[in-house]
>>> print(open('input-v2.txt').read())   # compact mmCIF, C-alpha atoms and all ligand atoms
# COMPACT_ATOMS: atom_id res chain seq x y z
CA MET A 1 -15.51 -18.74 -5.10
CA GLU A 2 -12.60 -16.38 -5.46
CA VAL A 3 -10.02 -15.38 -2.87
CA ILE A 4 -8.66 -11.84 -3.23
CA ILE A 5 -5.86 -10.96 -0.84
CA LYS A 6 -5.04 -7.29 -0.44
CA LYS A 7 -2.17 -5.62 1.41
CA ASP A 8 -4.31 -3.94 4.06
CA TYR A 9 -7.79 -2.81 5.05
CA SER A 10 -7.72 0.21 2.79
CA ASP A 11 -6.82 -1.77 -0.37
CA MET A 12 -9.45 -4.34 0.58
CA CYS A 13 -12.19 -1.68 0.73
CA ASP A 14 -10.97 -0.16 -2.56
CA GLU A 15 -11.37 -3.54 -4.25
CA ALA A 16 -14.90 -4.09 -2.90
CA VAL A 17 -15.92 -0.60 -4.01
CA ARG A 18 -14.39 -1.15 -7.45
CA LEU A 19 -16.60 -4.24 -7.90
CA ILE A 20 -19.73 -2.45 -6.64
CA HIS A 21 -19.05 0.55 -8.88
CA GLN A 22 -18.43 -1.70 -11.88
CA THR A 23 -21.78 -3.47 -11.35
CA TRP A 24 -23.56 -0.15 -10.79
CA GLN A 25 -22.16 1.15 -14.10
CA LYS A 26 -23.59 -1.83 -15.96
CA GLY A 27 -27.22 -1.10 -15.39
CA GLU A 28 -30.13 0.18 -13.49
CA ASN A 29 -31.73 -0.72 -10.18
CA LEU A 30 -28.71 -2.19 -8.44
CA VAL A 31 -29.95 -4.13 -5.39
CA LEU A 32 -27.53 -4.23 -2.48
CA GLY A 33 -27.59 -6.35 0.67
CA LEU A 34 -25.68 -4.55 3.40
CA ALA A 35 -23.97 -5.66 6.60
CA THR A 36 -23.17 -3.75 9.76
CA GLY A 37 -20.11 -4.07 12.04
CA LYS A 38 -16.80 -2.27 11.76
CA THR A 39 -15.53 -4.11 8.67
CA PRO A 40 -17.79 -2.57 5.96
CA LEU A 41 -17.39 1.00 7.24
CA GLY A 42 -14.50 1.69 4.84
CA VAL A 43 -16.66 0.53 1.94
CA TYR A 44 -19.52 2.87 2.91
CA ASP A 45 -17.05 5.78 3.32
CA ARG A 46 -15.65 5.21 -0.16
CA LEU A 47 -19.11 4.92 -1.73
CA ILE A 48 -20.10 8.20 -0.04
CA ARG A 49 -16.95 9.78 -1.49
CA LEU A 50 -17.82 8.44 -4.97
CA HIS A 51 -21.27 9.97 -4.61
CA ARG A 52 -19.89 13.36 -3.54
CA GLU A 53 -16.89 13.61 -5.80
CA GLN A 54 -17.84 11.59 -8.87
CA GLN A 55 -21.63 11.90 -8.78
CA MET A 56 -22.27 8.19 -8.22
CA ASP A 57 -26.06 8.20 -8.31
CA PHE A 58 -27.94 6.07 -5.80
CA SER A 59 -31.43 7.18 -6.81
CA ASP A 60 -32.11 3.84 -8.54
CA VAL A 61 -30.29 1.73 -5.96
CA LEU A 62 -32.23 -0.49 -3.54
CA ALA A 63 -30.77 -1.67 -0.25
CA PHE A 64 -31.67 -4.44 2.19
CA SER A 65 -30.23 -4.85 5.68
CA LEU A 66 -28.71 -8.18 6.53
CA ASP A 67 -29.84 -8.38 10.16
CA GLU A 68 -31.13 -6.53 13.25
CA TYR A 69 -31.32 -6.88 17.01
CA LEU A 70 -34.79 -7.84 18.17
CA GLY A 71 -36.25 -5.49 20.79
CA LEU A 72 -34.44 -2.28 19.80
CA PRO A 73 -36.40 0.66 18.37
CA ASP A 74 -35.15 2.12 15.07
CA ASN A 75 -33.72 5.19 16.80
CA HIS A 76 -31.66 3.22 19.36
CA SER A 77 -27.97 4.04 18.89
CA GLN A 78 -27.14 0.32 18.63
CA SER A 79 -29.88 -0.64 16.18
CA PHE A 80 -28.75 -1.57 12.70
CA VAL A 81 -31.39 0.78 11.25
CA PHE A 82 -29.59 3.61 13.06
CA TYR A 83 -26.16 2.31 11.98
CA MET A 84 -27.09 2.20 8.28
CA GLN A 85 -28.69 5.63 8.43
CA GLN A 86 -25.73 7.23 10.22
CA ASN A 87 -22.94 5.54 8.32
CA PHE A 88 -24.37 5.41 4.83
CA TYR A 89 -27.91 6.32 3.81
CA GLN A 90 -28.02 9.89 5.11
CA HIS A 91 -24.92 10.74 3.07
CA ILE A 92 -26.13 9.53 -0.34
CA ASN A 93 -29.16 10.17 -2.54
CA ILE A 94 -30.83 6.79 -1.98
CA LYS A 95 -34.61 7.12 -1.91
CA GLU A 96 -36.37 6.43 1.39
CA GLU A 97 -38.76 4.00 -0.35
CA ASN A 98 -35.80 1.99 -1.70
CA ILE A 99 -34.42 1.22 1.77
CA PHE A 100 -35.56 -2.01 3.41
CA HIS A 101 -34.77 -2.86 7.01
CA LEU A 102 -35.40 -5.77 9.28
CA ARG A 103 -37.08 -4.15 12.27
CA GLY A 104 -36.29 -4.56 15.94
CA LEU A 105 -39.92 -4.18 17.01
CA PRO A 106 -42.07 -5.82 14.33
CA ASP A 107 -45.79 -6.31 14.98
CA HIS A 108 -45.52 -9.94 14.04
CA ILE A 109 -42.12 -11.60 13.65
CA GLU A 110 -43.01 -14.38 11.19
CA THR A 111 -45.05 -12.07 8.95
CA HIS A 112 -42.26 -9.48 8.97
CA CYS A 113 -39.66 -12.10 7.97
CA ARG A 114 -41.89 -13.58 5.28
CA GLU A 115 -42.64 -10.14 3.82
CA TYR A 116 -38.93 -9.31 3.79
CA GLU A 117 -38.20 -12.43 1.75
CA THR A 118 -41.09 -11.61 -0.60
CA LYS A 119 -39.81 -8.06 -1.09
CA ILE A 120 -36.35 -9.34 -2.04
CA GLN A 121 -37.99 -11.63 -4.62
CA GLU A 122 -40.26 -8.87 -5.94
CA VAL A 123 -37.36 -6.55 -6.74
CA GLY A 124 -35.58 -9.33 -8.61
CA GLY A 125 -33.18 -10.52 -5.91
CA ILE A 126 -30.00 -9.08 -4.44
CA ASP A 127 -27.24 -8.23 -6.93
CA ILE A 128 -24.42 -7.75 -4.44
CA GLN A 129 -24.48 -8.88 -0.83
CA ILE A 130 -21.79 -7.41 1.44
CA LEU A 131 -20.83 -9.63 4.36
CA GLY A 132 -18.47 -9.48 7.30
CA ILE A 133 -17.59 -12.60 9.26
CA GLY A 134 -17.67 -13.45 12.96
CA GLU A 135 -14.63 -15.01 14.63
CA ASN A 136 -16.62 -18.26 14.77
CA GLY A 137 -17.39 -18.10 11.02
CA HIS A 138 -20.90 -16.68 11.30
CA ILE A 139 -22.44 -14.56 8.53
CA GLY A 140 -25.22 -12.12 9.33
CA PHE A 141 -26.40 -13.49 12.65
CA ASN A 142 -26.33 -17.07 11.39
CA GLU A 143 -24.29 -18.54 14.20
CA PRO A 144 -22.63 -21.99 13.94
CA SER A 145 -25.23 -24.77 13.59
CA SER A 146 -27.62 -22.52 11.61
CA SER A 147 -29.27 -24.46 8.81
CA LEU A 148 -27.36 -23.93 5.59
CA SER A 149 -30.67 -23.47 3.76
CA SER A 150 -32.29 -21.16 6.34
CA ARG A 151 -34.43 -18.15 5.42
CA THR A 152 -34.95 -14.81 7.20
CA ARG A 153 -35.99 -15.61 10.76
CA VAL A 154 -35.50 -14.99 14.45
CA LYS A 155 -32.33 -16.35 16.06
CA THR A 156 -31.13 -16.55 19.64
CA LEU A 157 -27.74 -14.88 20.05
CA THR A 158 -24.89 -16.94 21.45
CA GLN A 159 -23.72 -16.17 24.97
CA GLU A 160 -20.39 -14.95 23.49
CA THR A 161 -22.19 -12.46 21.23
CA ILE A 162 -24.35 -11.26 24.13
CA ALA A 163 -21.26 -10.83 26.32
CA ALA A 164 -19.31 -9.10 23.51
CA ASN A 165 -22.17 -6.60 23.03
CA ALA A 166 -22.71 -5.85 26.71
CA HIS A 167 -20.47 -2.76 26.83
CA PHE A 168 -22.51 -1.00 24.11
CA PHE A 169 -25.54 -0.84 26.44
CA HIS A 170 -26.18 1.18 29.60
CA HIS A 171 -28.53 -1.29 31.25
CA GLN A 172 -28.27 -5.04 31.57
CA ASP A 173 -31.90 -5.56 30.45
CA GLU A 174 -31.27 -3.56 27.23
CA ILE A 175 -28.71 -6.06 25.88
CA PRO A 176 -30.33 -7.92 22.97
CA ARG A 177 -30.71 -11.67 23.30
CA TYR A 178 -32.50 -12.28 20.02
CA CYS A 179 -32.10 -11.02 16.50
CA LEU A 180 -33.55 -11.22 13.01
CA THR A 181 -31.25 -12.24 10.21
CA MET A 182 -31.42 -13.11 6.54
CA GLY A 183 -30.97 -16.85 6.35
CA ILE A 184 -28.00 -18.60 4.78
CA GLY A 185 -30.31 -19.76 1.96
CA THR A 186 -31.41 -16.14 1.44
CA ILE A 187 -27.81 -14.90 1.32
CA MET A 188 -26.80 -17.66 -1.11
CA GLU A 189 -29.40 -16.49 -3.65
CA SER A 190 -27.55 -13.17 -4.11
CA ARG A 191 -25.92 -12.89 -7.53
CA MET A 192 -22.58 -11.83 -6.08
CA ILE A 193 -21.34 -12.03 -2.51
CA LEU A 194 -18.43 -9.97 -1.21
CA LEU A 195 -17.22 -11.24 2.16
CA LEU A 196 -14.78 -8.80 3.77
CA ALA A 197 -12.39 -9.69 6.56
CA SER A 198 -9.53 -7.79 8.10
CA GLY A 199 -7.13 -8.62 10.92
CA GLU A 200 -5.51 -11.61 12.55
CA GLU A 201 -8.55 -12.30 14.74
CA LYS A 202 -10.49 -13.33 11.63
CA SER A 203 -7.74 -15.58 10.20
CA ALA A 204 -8.93 -18.89 11.71
CA ALA A 205 -12.53 -18.34 10.54
CA ILE A 206 -11.25 -17.37 7.09
CA GLN A 207 -9.03 -20.44 6.82
CA GLN A 208 -11.86 -22.76 7.83
CA SER A 209 -14.37 -21.05 5.53
CA ILE A 210 -12.13 -21.22 2.45
CA GLU A 211 -10.13 -24.40 2.98
CA GLY A 212 -12.17 -26.43 5.44
CA PRO A 213 -15.17 -28.66 4.78
CA ILE A 214 -18.59 -27.12 4.08
CA THR A 215 -20.30 -27.35 7.43
CA ALA A 216 -23.00 -25.62 9.48
CA SER A 217 -20.35 -25.36 12.20
CA VAL A 218 -18.67 -22.69 10.03
CA PRO A 219 -21.57 -20.95 8.25
CA ALA A 220 -19.33 -18.95 5.86
CA SER A 221 -17.96 -22.24 4.44
CA ILE A 222 -21.20 -22.51 2.40
CA LEU A 223 -19.81 -19.75 0.16
CA GLN A 224 -17.56 -22.40 -1.41
CA LEU A 225 -20.70 -23.43 -3.33
CA HIS A 226 -21.36 -19.94 -4.69
CA PRO A 227 -19.88 -19.24 -8.16
CA GLN A 228 -19.70 -15.48 -7.52
CA ALA A 229 -18.60 -15.38 -3.89
CA LYS A 230 -15.46 -13.33 -3.36
CA PHE A 231 -13.52 -13.35 -0.11
CA ILE A 232 -11.81 -9.95 -0.09
CA ILE A 233 -9.38 -10.08 2.79
CA ASP A 234 -6.22 -8.41 4.02
CA GLU A 235 -2.84 -10.08 4.63
CA GLU A 236 -3.53 -10.59 8.33
CA ALA A 237 -6.88 -12.26 7.78
CA ALA A 238 -5.21 -14.41 5.08
CA SER A 239 -2.29 -15.40 7.31
CA LYS A 240 -3.50 -18.95 8.07
CA LEU A 241 -4.39 -19.93 4.49
CA ALA A 242 -2.40 -22.93 3.26
CA ARG A 243 -2.74 -21.94 -0.42
CA LYS A 244 -2.24 -18.22 0.03
CA SER A 245 0.42 -17.86 -2.68
CA TYR A 246 -1.72 -19.80 -5.16
CA TYR A 247 -4.74 -17.50 -4.60
CA LYS A 248 -2.50 -14.47 -5.12
CA TRP A 249 -1.02 -15.93 -8.28
CA VAL A 250 -4.45 -16.73 -9.72
CA TYR A 251 -5.71 -13.22 -8.98
CA GLU A 252 -2.64 -11.56 -10.52
CA HIS A 253 -2.89 -13.65 -13.68
CA LYS A 254 -6.62 -13.83 -14.32
CA ASP A 255 -6.72 -10.75 -16.55
CA LYS A 256 -3.95 -12.21 -18.66
CA VAL A 257 -6.02 -15.13 -19.99
CA ASP A 258 -7.14 -13.10 -23.04
CA ASP A 259 -3.52 -12.09 -23.85
CA PHE A 260 -2.45 -15.69 -23.48
CA LEU A 261 -5.07 -16.90 -25.96
CA ALA A 262 -4.39 -14.07 -28.41
CA LYS A 263 -0.69 -14.99 -28.49
CA LYS A 264 -1.49 -18.69 -28.97
CA ARG A 265 -3.87 -17.90 -31.82
CA LYS A 266 -1.27 -15.71 -33.54
CA ARG A 267 1.23 -18.56 -33.40
CA THR A 268 -1.21 -21.05 -34.91
CA ASP A 269 -2.37 -18.65 -37.69
C1 LIG A 301 -22.06 -9.14 13.81
C2 LIG A 301 -22.92 -8.86 12.59
C3 LIG A 301 -22.27 -9.43 11.35
C4 LIG A 301 -20.83 -8.94 11.25
C5 LIG A 301 -20.04 -9.43 12.45
C6 LIG A 301 -18.59 -9.02 12.42
O1 LIG A 301 -22.25 -10.41 14.27
N1 LIG A 301 -24.23 -9.43 12.73
O2 LIG A 301 -23.00 -9.03 10.20
O3 LIG A 301 -20.24 -9.44 10.06
O4 LIG A 301 -20.66 -8.90 13.61
O5 LIG A 301 -18.46 -7.66 12.75
P1 LIG A 301 -17.15 -6.81 12.59
O6 LIG A 301 -17.08 -6.42 11.15
O7 LIG A 301 -17.35 -5.64 13.48
O8 LIG A 301 -16.00 -7.65 13.00
>>> encode(input="input-v2.txt", output="structure tokens")
Amino acid sequence: MEVIIKKDYSDMCDEAVRLIHQTWQKGENLVLGLATGKTPLGVYDRLIRLHREQQMDFSDVLAFSLDEYLGLPDNHSQSFVFYMQQNFYQHINIKEENIFHLRGLPDHIETHCREYETKIQEVGGIDIQILGIGENGHIGFNEPSSSLSSRTRVKTLTQETIAANAHFFHHQDEIPRYCLTMGIGTIMESRMILLLASGEEKSAAIQQSIEGPITASVPASILQLHPQAKFIIDEEAASKLARKSYYKWVYEHKDKVDDFLAKKRKRTD
């Protein structure tokens, strides 16, 4: 696990995009896992800009959605299929057949979830999973108390999430009560995980996830076990961290390890 603290939202998104771009440059068939919400929007905007201005090619990239509301058709303005299409896919040259969504109206829920997991395996697993975080520490729609080894499945939304979403819908009976989400076990199998958080309202969840015990009560705390999980957060989201200055110091000095060794070797020659 690595903690990367950036000045503000913009610097945070730049850092996430730098890591994605770096991985993309290394090889073919980059497999992304992508989150919705307001936090990753800056990342998608920057990737679109890289595509337009620096010819970043997405034709070999594969993308999997992290979650979806159950009961919404793909073309509903609040569905995550619609969100990904509007905010990212329609602006880049990703191939239709390389986009994988969890669907709001599957014919059979269990089969759909099982096939989604199989598809992730078939393409060789997710290289980079982008995550946001809920104020209660949830990742995807894995609310507190979700099994830390869960797989893609149906979940019942918490009353807080239902209430928070209410204003996005015209009719009471449209408000989703259930969702599909990659499980915590599924997320943990990604080769690299970039969890993004911005703003004071995320600071308690961030502090508990990074410095608290690993517990199903704070699902993001499981990332402490992942060797390539990076919390990329802004100053406000980092404001409650007890070891904030240490994380900053480590980050600023990590590229200097090679210099340090080179100097030592010279002295011992
Ligand atoms: C929802 C999504 C999560 C997202 C979270 C935070 O619960 N299922 O994937 O991380 O909201 O969203 P935001 O980035 O808008 O704060």
>>> closest_residue(input="input-v2.txt", among="A:Leu194, A:Ala35, A:Val250, A:Val218", to="Cys13 in chain A", atoms="all atoms listed in the file")
A:Leu194
>>> residues_near_ligand(input="input-v2.txt", ligand="ligand LIG 301 (chain A)", cutoff="8 Å", atoms="only C-alpha atoms and all ligand atoms", output="number ranges by chain")
A: 35-40, 66-68, 131-135, 138-141, 161, 181, 197
>>> residues_around(input="input-v2.txt", residues="range 106-116 of chain A", least_positions_apart="4", cutoff="8 Å", atoms="all atoms listed in the file", output="PyMOL selection string")
chain A and resi 102+120+152-154+180
>>> closest_residue(input="input-v2.txt", among="A:Met182, A:Leu148, A:Ala242, A:Leu47", to="Pro219 in chain A", atoms="only C-alpha atoms")
A:Leu148
>>> closest_residue(input="input-v2.txt", among="A:Ile232, A:Arg151, A:Ala63, A:Leu196", to="Tyr251 in chain A", atoms="all atoms listed in the file")
A:Ile232
>>> decode(input="input-v2.txt", residues="range 58-184 of chain A", atoms="C-alpha atoms", output="compact mmCIF listing (two decimals), in the first residue's frame")
# COMPACT_ATOMS: atom_id res chain seq x y z
CA PHE A 58 -7.48 2.79 -26.58
CA SER A 59 -8.10 0.28 -29.36
CA ASP A 60 -6.40 -2.50 -27.39
CA VAL A 61 -7.74 -1.41 -24.01
CA LEU A 62 -10.43 -3.44 -22.23
CA ALA A 63 -12.68 -1.94 -19.58
CA PHE A 64 -14.91 -3.41 -16.87
CA SER A 65 -17.45 -1.48 -14.81
CA LEU A 66 -17.19 -1.76 -11.07
CA ASP A 67 -20.91 -1.73 -10.27
CA GLU A 68 -24.46 -0.92 -11.43
CA TYR A 69 -27.90 -0.17 -10.05
CA LEU A 70 -30.24 -3.12 -10.40
CA GLY A 71 -33.49 -2.33 -12.20
CA LEU A 72 -32.26 0.52 -14.43
CA PRO A 73 -32.13 0.08 -18.21
CA ASP A 74 -28.81 0.91 -19.92
CA ASN A 75 -30.18 4.15 -21.34
CA HIS A 76 -31.42 5.51 -17.99
CA SER A 77 -29.61 8.77 -17.20
CA GLN A 78 -28.58 7.41 -13.78
CA SER A 79 -27.34 4.01 -14.94
CA PHE A 80 -23.62 3.44 -14.74
CA VAL A 81 -23.66 2.13 -18.33
CA PHE A 82 -24.93 5.57 -19.36
CA TYR A 83 -22.40 7.35 -17.10
CA MET A 84 -19.41 5.48 -18.57
CA GLN A 85 -20.62 6.03 -22.11
CA GLN A 86 -21.25 9.75 -21.60
CA ASN A 87 -18.18 10.56 -19.55
CA PHE A 88 -15.58 8.35 -21.15
CA TYR A 89 -16.20 5.70 -23.79
CA GLN A 90 -17.87 7.84 -26.45
CA HIS A 91 -14.87 10.20 -26.44
CA ILE A 92 -12.13 7.62 -27.01
CA ASN A 93 -11.43 4.89 -29.56
CA ILE A 94 -12.19 1.94 -27.27
CA LYS A 95 -13.83 -0.91 -29.18
CA GLU A 96 -17.43 -1.73 -28.34
CA GLU A 97 -16.52 -5.42 -27.89
CA ASN A 98 -13.86 -4.48 -25.32
CA ILE A 99 -16.34 -2.78 -22.98
CA PHE A 100 -17.90 -4.92 -20.24
CA HIS A 101 -20.73 -3.70 -18.07
CA LEU A 102 -22.68 -5.07 -15.18
CA ARG A 103 -26.27 -4.73 -16.35
CA GLY A 104 -29.23 -3.26 -14.52
CA LEU A 105 -31.71 -5.67 -16.10
CA PRO A 106 -29.95 -9.02 -16.49
CA ASP A 107 -31.97 -12.08 -17.51
CA HIS A 108 -30.56 -14.02 -14.62
CA ILE A 109 -28.63 -12.27 -11.85
CA GLU A 110 -26.41 -15.14 -10.66
CA THR A 111 -25.50 -16.21 -14.19
CA HIS A 112 -24.70 -12.61 -15.16
CA CYS A 113 -22.42 -12.18 -12.11
CA ARG A 114 -20.70 -15.51 -12.68
CA GLU A 115 -20.11 -14.74 -16.37
CA TYR A 116 -18.68 -11.33 -15.45
CA GLU A 117 -16.15 -12.96 -13.13
CA THR A 118 -15.30 -15.52 -15.82
CA LYS A 119 -14.78 -12.78 -18.40
CA ILE A 120 -12.36 -10.94 -16.11
CA GLN A 121 -10.39 -14.19 -15.70
CA GLU A 122 -10.46 -14.95 -19.43
CA VAL A 123 -8.85 -11.64 -20.37
CA GLY A 124 -6.10 -12.20 -17.82
CA GLY A 125 -7.42 -10.12 -14.92
CA ILE A 126 -7.65 -6.40 -14.29
CA ASP A 127 -4.39 -4.44 -14.57
CA ILE A 128 -5.56 -1.21 -12.96
CA GLN A 129 -8.72 -0.82 -10.91
CA ILE A 130 -9.88 2.75 -10.27
CA LEU A 131 -11.85 3.20 -7.06
CA GLY A 132 -13.59 6.01 -5.24
CA ILE A 133 -14.62 5.64 -1.62
CA GLY A 134 -17.90 6.19 0.22
CA GLU A 135 -17.99 8.29 3.38
CA ASN A 136 -18.52 5.04 5.30
CA GLY A 137 -15.45 3.44 3.66
CA HIS A 138 -17.30 1.44 1.00
CA ILE A 139 -15.67 0.52 -2.32
CA GLY A 140 -17.82 -0.21 -5.35
CA PHE A 141 -21.14 -0.92 -3.68
CA ASN A 142 -19.53 -3.10 -1.01
CA GLU A 143 -21.06 -1.43 1.99
CA PRO A 144 -19.73 -1.98 5.55
CA SER A 145 -20.11 -5.61 6.64
CA SER A 146 -19.56 -6.92 3.08
CA SER A 147 -17.45 -10.06 3.12
CA LEU A 148 -13.83 -9.17 2.51
CA SER A 149 -13.56 -12.11 0.10
CA SER A 150 -16.84 -11.47 -1.76
CA ARG A 151 -17.25 -11.87 -5.52
CA THR A 152 -19.49 -10.04 -8.01
CA ARG A 153 -23.04 -10.27 -6.68
CA VAL A 154 -26.26 -8.50 -5.84
CA LYS A 155 -26.27 -6.21 -2.80
CA THR A 156 -29.01 -4.32 -0.99
CA LEU A 157 -28.21 -0.61 -0.79
CA THR A 158 -28.08 1.00 2.64
CA GLN A 159 -30.89 3.35 3.59
CA GLU A 160 -28.36 6.23 3.56
CA THR A 161 -27.34 5.44 -0.03
CA ILE A 162 -31.00 5.18 -1.09
CA ALA A 163 -31.79 8.50 0.58
CA ALA A 164 -28.67 10.17 -0.89
CA ASN A 165 -29.70 9.05 -4.40
CA ALA A 166 -33.34 10.05 -4.13
CA HIS A 167 -32.93 13.51 -5.71
CA PHE A 168 -31.52 12.00 -8.94
CA PHE A 169 -34.86 10.32 -9.68
CA HIS A 170 -38.24 11.77 -10.68
CA HIS A 171 -40.38 9.06 -9.11
CA GLN A 172 -40.09 7.40 -5.74
CA ASP A 173 -40.48 3.90 -7.24
CA GLU A 174 -37.56 4.52 -9.64
CA ILE A 175 -34.99 4.89 -6.84
CA PRO A 176 -32.77 1.79 -6.89
CA ARG A 177 -32.76 -0.39 -3.79
CA TYR A 178 -30.43 -3.09 -5.07
CA CYS A 179 -27.24 -3.11 -7.06
CA LEU A 180 -24.64 -5.38 -8.61
CA THR A 181 -21.04 -4.87 -7.61
CA MET A 182 -17.68 -6.50 -8.10
CA GLY A 183 -16.86 -8.15 -4.80
CA ILE A 184 -14.02 -7.13 -2.52
